[in-house]
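What's in start33.cif: mmCIF, C-alpha atoms
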data_entry
#
loop_
_atom_site.group_PDB
_atom_site.id
_atom_site.type_symbol
_atom_site.label_atom_id
_atom_site.label_comp_id
_atom_site.auth_asym_id
_atom_site.auth_seq_id
_atom_site.Cartn_x
_atom_site.Cartn_y
_atom_site.Cartn_z
ATOM 1 C CA MET A 1 -8.249 -1.860 -3.734
ATOM 2 C CA ILE A 2 -7.012 -3.520 -0.571
ATOM 3 C CA ILE A 3 -9.012 -3.131 2.619
ATOM 4 C CA MET A 4 -7.078 -3.776 5.787
ATOM 5 C CA LYS A 5 -8.556 -5.281 8.943
ATOM 6 C CA THR A 6 -9.450 -2.868 11.723
ATOM 7 C CA ASP A 7 -6.656 -4.272 13.905
ATOM 8 C CA ALA A 8 -3.996 -4.339 11.169
ATOM 9 C CA THR A 9 -0.617 -3.173 12.407
ATOM 10 C CA GLN A 10 1.528 -0.588 10.678
ATOM 11 C CA GLU A 11 4.003 -3.377 9.912
ATOM 12 C CA GLN A 12 1.286 -5.335 8.070
ATOM 13 C CA ILE A 13 0.247 -2.234 6.118
ATOM 14 C CA ASP A 14 3.881 -1.578 5.197
ATOM 15 C CA GLN A 15 4.268 -5.196 4.026
ATOM 16 C CA VAL A 16 1.291 -4.840 1.665
ATOM 17 C CA ILE A 17 2.695 -1.562 0.320
ATOM 18 C CA GLN A 18 6.097 -3.188 -0.311
ATOM 19 C CA GLU A 19 4.431 -6.041 -2.236
ATOM 20 C CA ILE A 20 2.545 -3.512 -4.374
ATOM 21 C CA LEU A 21 5.752 -1.594 -5.104
ATOM 22 C CA LYS A 22 7.523 -4.831 -6.110
ATOM 23 C CA LEU A 23 4.915 -5.232 -8.859
ATOM 24 C CA GLY A 24 5.707 -1.774 -10.235
ATOM 25 C CA LEU A 25 2.552 -0.080 -8.976
ATOM 26 C CA ARG A 26 2.036 2.780 -6.576
ATOM 27 C CA ALA A 27 0.056 2.552 -3.336
ATOM 28 C CA ASP A 28 -2.349 5.308 -2.287
ATOM 29 C CA VAL A 29 -3.022 4.830 1.430
ATOM 30 C CA SER A 30 -6.149 6.255 3.058
ATOM 31 C CA LYS A 31 -6.273 5.897 6.813
ATOM 32 C CA GLY A 32 -9.581 6.439 8.519
ATOM 33 C CA GLU A 33 -10.601 6.114 12.120
ATOM 34 C CA TYR A 34 -11.690 2.496 11.644
ATOM 35 C CA LYS A 35 -10.237 1.333 8.331
ATOM 36 C CA THR A 36 -7.176 1.641 6.194
ATOM 37 C CA ILE A 37 -7.704 1.300 2.470
ATOM 38 C CA ILE A 38 -4.859 0.968 0.006
ATOM 39 C CA GLY A 39 -5.664 2.056 -3.511
ATOM 40 C CA LEU A 40 -3.600 0.703 -6.367
ATOM 41 C CA VAL A 41 -2.268 3.122 -8.949
ATOM 42 C CA GLY A 42 -1.231 1.464 -12.177
ATOM 43 C CA ASP A 43 -2.155 -1.605 -14.159
ATOM 44 C CA GLU A 44 -4.188 -3.755 -11.760
ATOM 45 C CA ARG A 45 -3.898 -6.724 -14.101
ATOM 46 C CA LYS A 46 -0.474 -7.287 -12.526
ATOM 47 C CA ILE A 47 -2.015 -7.813 -9.092
ATOM 48 C CA PRO A 48 -2.559 -11.357 -7.781
ATOM 49 C CA PHE A 49 -5.585 -10.404 -5.662
ATOM 50 C CA ALA A 50 -5.873 -13.869 -4.079
ATOM 51 C CA TYR A 51 -2.289 -13.533 -2.841
ATOM 52 C CA PHE A 52 -2.914 -10.086 -1.380
ATOM 53 C CA ALA A 53 -6.103 -11.308 0.317
ATOM 54 C CA SER A 54 -4.031 -13.948 2.128
ATOM 55 C CA LEU A 55 -1.507 -11.490 3.599
ATOM 56 C CA PRO A 56 -1.666 -10.832 7.351
ATOM 57 C CA GLY A 57 -3.901 -7.894 8.248
ATOM 58 C CA VAL A 58 -5.778 -7.848 4.934
ATOM 59 C CA LYS A 59 -9.567 -8.026 5.172
ATOM 60 C CA GLU A 60 -10.167 -8.169 1.421
ATOM 61 C CA ALA A 61 -8.459 -7.421 -1.871
ATOM 62 C CA ILE A 62 -10.757 -6.516 -4.727
ATOM 63 C CA PRO A 63 -10.130 -5.205 -8.220
ATOM 64 C CA VAL A 64 -11.757 -1.956 -9.252
ATOM 65 C CA GLU A 65 -14.211 -3.062 -11.884
ATOM 66 C CA THR A 66 -14.481 -0.020 -14.129
ATOM 67 C CA PRO A 67 -11.280 0.818 -16.021
ATOM 68 C CA TYR A 68 -10.613 4.495 -16.607
ATOM 69 C CA LYS A 69 -13.088 5.525 -13.901
ATOM 70 C CA LEU A 70 -12.491 9.221 -14.360
ATOM 71 C CA ILE A 71 -13.893 9.198 -17.858
ATOM 72 C CA SER A 72 -16.463 6.440 -17.563
ATOM 73 C CA ARG A 73 -20.166 7.174 -17.862
ATOM 74 C CA GLU A 74 -20.895 5.498 -14.529
ATOM 75 C CA TYR A 75 -18.478 7.769 -12.708
ATOM 76 C CA THR A 76 -19.739 10.864 -14.506
ATOM 77 C CA LYS A 77 -23.369 10.067 -13.651
ATOM 78 C CA PHE A 78 -22.534 9.379 -10.017
ATOM 79 C CA PHE A 79 -20.414 12.516 -9.683
ATOM 80 C CA SER A 80 -23.102 14.684 -11.293
ATOM 81 C CA ARG A 81 -25.749 13.419 -8.857
ATOM 82 C CA ALA A 82 -23.444 13.827 -5.862
ATOM 83 C CA CYS A 83 -22.600 17.417 -6.759
ATOM 84 C CA ARG A 84 -26.261 18.388 -6.989
ATOM 85 C CA ARG A 85 -26.894 17.359 -3.377
#

Take the structure I supplied and represent it as structure tokens, if you would.
Amino acid sequence: MIIMKTDATQEQIDQVIQEILKLGLRADVSKGEYKTIIGLVGDERKIPFAYFASLPGVKEAIPVETPYKLISREYTKFFSRACRR
């Protein structure tokens, strides 16, 4: 997951997306009022997170720790609790 700085320009966001695409992954962009987060779709082992963290406009680049989140116990427990609320 790549979190962009609040003042990141569209050009900087596009540059990060192009770098992700060059590595054969897909970028899932979520734009909020204050933050833009770019999710990585594909094998994150291909991602040089230190490189992405150094790109202009990037606040932080962090790997998602749990592989196969949709079927993991952690995700299932969290989702079950969230749905009950």

Using all atoms listed in the file, which protein or nucleic acid residues come within 9 Å of stretch 10-21 of chain A? Drop anything in the same chain fewer than 4 positions from it, and give the result as a short mmCIF file (atom, residue, chain, number, x, y, z; two decimals) with C-alpha atoms, keeping the file's coordinate frame.
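Final output, result.cif:
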data_model
loop_
_atom_site.label_atom_id
_atom_site.label_comp_id
_atom_site.auth_asym_id
_atom_site.auth_seq_id
_atom_site.Cartn_x
_atom_site.Cartn_y
_atom_site.Cartn_z
CA ILE A 2 -7.01 -3.52 -0.57
CA MET A 4 -7.08 -3.78 5.79
CA LEU A 25 2.55 -0.08 -8.98
CA ARG A 26 2.04 2.78 -6.58
CA ALA A 27 0.06 2.55 -3.34
CA ASP A 28 -2.35 5.31 -2.29
CA VAL A 29 -3.02 4.83 1.43
CA THR A 36 -7.18 1.64 6.19
CA ILE A 38 -4.86 0.97 0.01
CA LEU A 40 -3.60 0.70 -6.37
CA ILE A 47 -2.02 -7.81 -9.09
CA PHE A 52 -2.91 -10.09 -1.38
CA LEU A 55 -1.51 -11.49 3.60
CA PRO A 56 -1.67 -10.83 7.35
CA GLY A 57 -3.90 -7.89 8.25
CA VAL A 58 -5.78 -7.85 4.93
#

Test item: the PyMOL selection byres ((chain A and resi 49) around 8) resolved as a JSON list (two decimals) with C-alpha atoms, in the coordinates of the input:
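expr_34.json written:
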[["chain", "number", "residue", "atom", "x", "y", "z"],
["A", 47, "ILE", "CA", -2.02, -7.81, -9.09],
["A", 48, "PRO", "CA", -2.56, -11.36, -7.78],
["A", 50, "ALA", "CA", -5.87, -13.87, -4.08],
["A", 51, "TYR", "CA", -2.29, -13.53, -2.84],
["A", 52, "PHE", "CA", -2.91, -10.09, -1.38],
["A", 53, "ALA", "CA", -6.10, -11.31, 0.32],
["A", 61, "ALA", "CA", -8.46, -7.42, -1.87],
["A", 62, "ILE", "CA", -10.76, -6.52, -4.73],
["A", 63, "PRO", "CA", -10.13, -5.20, -8.22]]

Separation of atom CA of A:Ile37 from atom CA of A:Lys22 in Å: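 Taking atom CA of A:Lys22 and atom CA of A:Ile37, their separation equals 18.5 Å.
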
Coordinates-based distance that separates atom CA of A:Lys59 from atom CA of A:Glu33 (Å, one decimal):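 Atom-to-atom, atom CA of A:Glu33 and atom CA of A:Lys59 are spaced 15.8 Å apart.
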
Coordinates-based distance that separates atom CA of A:Met1 from atom CA of A:Glu44 (Å, one decimal):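 Answer for the atom CA of A:Glu44 to atom CA of A:Met1 separation: 9.2 Å.
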